[in-house]
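Visitor: Following this message is one structure expressed as structure tokens.
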Amino acid sequence: VMTAYLNQAIQQVSISLGASVTTNTATITAVGANAFLVYQGFTTNEATGSLMLDEFATGVLTNSTTVTVTRTTATTGTGVFNFAVIDPTSSLVTGVQAGTIAISGTGIVSNTATISSVDLTLSAVFFLGAKTLSADIRQTYAGVTLTNATTVSAAVGAAPGTFTTTVSFVVVTFAAGAIQSVQQVASASSGTAATVSAATSAYVVAHSMLAYGGFLTANTTIPSALWRINFNVSGQVDFARNTGTSGSWTNFCTVIEFVSGVLTSQQAAGVTLNSVASNTVTVTAVVVANSFYLFTGIISAAASTAPDTFYHKGTLTNTTTVTITRQTAGITTSTVSGRVIEFNSTAGGGGVFNPYFYIFIARDLG
């Protein structure tokens, strides 16, 4: 039997918010009720300052043909935001629930949203961006977790006070027949360590993907705040940053291990940009219609006054190439972590070969 895990080709969208534009949309080929977005990063042309109000935005699948990106305000800055749109069959996903969480007030660093009850052993929450009027990265960088079967939590590193930080998310519930295990990771660290690891139960790396959940920080400078995630070793998830400056952080993600046959491949797609505005990494050839680039974080040596050099976005450019871009080359080095995820089939093609199917056809046809 051939199992179709996708209703149609995965769609890539790139949405620009130009000067004085707070919201924009991309029109996509109509998708089903269980379609969902995957965050792929963003770029900004802001050259100085930490203007989070211009630079950060949330994404949402507004309806079956529209992806919408929104930021809180806009002056002269331009941001470009990338997402992948995945339209799964019921053999892969049985339900999705998207929403936003607003965090505001003195002393308040988190808030929750209530969702319809999900099976925690089959479900994962994906971060889809955050927006704010604050110029403080502690109030802007945010992470999401699936707290229990009916609750999604979002948190920031410092209370927004009179500002409001809005975090976008989607909870995806996978089909029981597609999942081997789901493990949510919330890795809290402090001090000067540039790398940390979070222990998990063993999982097969080749069968797994991450749901990126974002991160929060108590640090006020960008280089020491940014993290990237790797999951190259079964039984752990690794986090790295560029500098050993003292501080505290929490990184969020979920390891989704599929049963054998759901993924055709998953490959590391990390890229380093050294004084260039874009770079590529070559991967083993994939079927583009079944594949997407999964963003899992950035580390950068850029100064905190150069946001155009340390925010990046990625895309699967062709069958063997992932391209990572930032607005300005600068003179600094950044490393962007990611994976290329390739599902086994789209409707009408691909899938798992079952020799008995063909044996019976041959017999029946004489």
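Naming scheme: A, B, ... for chains in displayed order of the structure tokens; residues 1 onward per chain; ligands 1 onward as shown.
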Can you tell me, as a list in words, which residues in segment 191-245 of chain A count as strand (DSSP E or B) by DSSP?

Guide: Gly191, Thr195, Val196, Ser197, Ala198, Ala199, Ser208, Met209, Leu210, Ala211, Tyr212, Gly213, Gly214, Phe215, Leu216, Thr217, Arg228, Ile229, Asn230, Gln236, Val237, Asp238, Phe239 and Ala240 of chain A

Visitor: Given the choices A:Ser168, A:Ser234, A:Thr254, A:Asn34, which gets closest to Thr121 of chain A if the distance is worked out from only C-alpha atoms?

Guide: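 Closest candidate: A:Thr254.
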
Visitor: Restricting the calculation to only C-alpha atoms: of A:Met209, A:Ile299, A:Ala329, A:Val204, which residue gets closest to Val276 of chain A?

Guide: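 Nearest to Val276 of chain A: A:Ala329.
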
Visitor: Rounded to one decimal, what separation in Å do you get between atom CA of Ser20 of chain A and atom CA of Ala130 of chain A?

Guide: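 Rounded to one decimal, the two atoms are 18.5 Å apart.
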
Visitor: For a quick check of understanding, using only C-alpha atoms, which of A:Met2, A:Val156, A:Val233, A:Ala225 has the smallest distance to Ser104 of chain A?

Guide: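 Nearest to Ser104 of chain A: A:Val156.
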
Visitor: Run DSSP on the backbone and grab whatever in segment 285-317 of chain A lands in helix (DSSP H, G or I); send it over as a ChimeraX atom specification.

Guide: /A:288-290,307-310

Visitor: Got a sec: who's within 8 Å of Gln183 of chain A, counting only C-alpha atoms, leaving out chain neighbours fewer than 2 positions off, as a list in words?

Guide: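 With the cut-off at 8 Å, the set is Thr121, Ser181, Val185, Thr200, Ser201, Thr254, Val255 and Ile256 of chain A.
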
Visitor: Store the residues picked out above, limited to C-alpha atoms, as a PDB file, in the first residue's frame.

Guide:
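Written file, part_10.pdb:
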```pdb
ATOM      1  CA  THR A 121       2.268  11.883  23.093  1.00  0.00           C
ATOM      2  CA  SER A 181       7.716   9.378  20.102  1.00  0.00           C
ATOM      3  CA  VAL A 185      12.514  20.098  25.563  1.00  0.00           C
ATOM      4  CA  THR A 200      16.167  13.076  26.084  1.00  0.00           C
ATOM      5  CA  SER A 201      15.106   9.492  25.677  1.00  0.00           C
ATOM      6  CA  THR A 254      10.166  19.351  20.493  1.00  0.00           C
ATOM      7  CA  VAL A 255      11.790  16.240  19.048  1.00  0.00           C
ATOM      8  CA  ILE A 256       9.262  14.512  16.793  1.00  0.00           C
TER       9      ILE A 256
END
```

Visitor: Which residues are close to Arg326 of chain A, i.e. within 8 Å by only C-alpha atoms, leaving aside same-chain residues fewer than 6 positions away? Reply as a PyMOL selection string.

Guide: chain A and resi 43-44+277-278+308-313

Visitor: Can you measure atom CA of Cys253 of chain A to atom CA of Gly214 of chain A for me? One decimal in Å is fine.

Guide: 7.2 Å

Visitor: Which polymer residues have any atom within 9 Å of an atom of Thr58 of chain A, counting only C-alpha atoms, with same-chain residues fewer than 6 positions away left out, as a PDB file with C-alpha atoms, in the first residue's frame?

Guide:
```pdb
ATOM      1  CA  THR A  68      -0.474  36.775   6.878  1.00  0.00           C
ATOM      2  CA  VAL A  69       2.494  38.438   8.584  1.00  0.00           C
ATOM      3  CA  THR A  70       1.963  41.320  11.026  1.00  0.00           C
ATOM      4  CA  ARG A  71       4.243  43.581  13.073  1.00  0.00           C
ATOM      5  CA  THR A 100      -1.616  33.986  19.691  1.00  0.00           C
ATOM      6  CA  LEU A 128       5.557  31.313  14.485  1.00  0.00           C
ATOM      7  CA  GLY A 129       7.093  34.620  15.565  1.00  0.00           C
ATOM      8  CA  ALA A 130       6.614  37.402  18.098  1.00  0.00           C
ATOM      9  CA  LYS A 131       5.911  41.140  17.888  1.00  0.00           C
ATOM     10  CA  THR A 166       2.323  38.893  21.154  1.00  0.00           C
ATOM     11  CA  VAL A 167       3.509  35.385  20.330  1.00  0.00           C
ATOM     12  CA  SER A 168       2.097  33.274  17.479  1.00  0.00           C
ATOM     13  CA  PHE A 169       1.975  29.471  17.616  1.00  0.00           C
TER      14      PHE A 169
END
```

Visitor: One decimal, in Å: what's the spacing between atom CA of Val170 of chain A and atom CA of Phe126 of chain A?

Guide: 5.3 Å
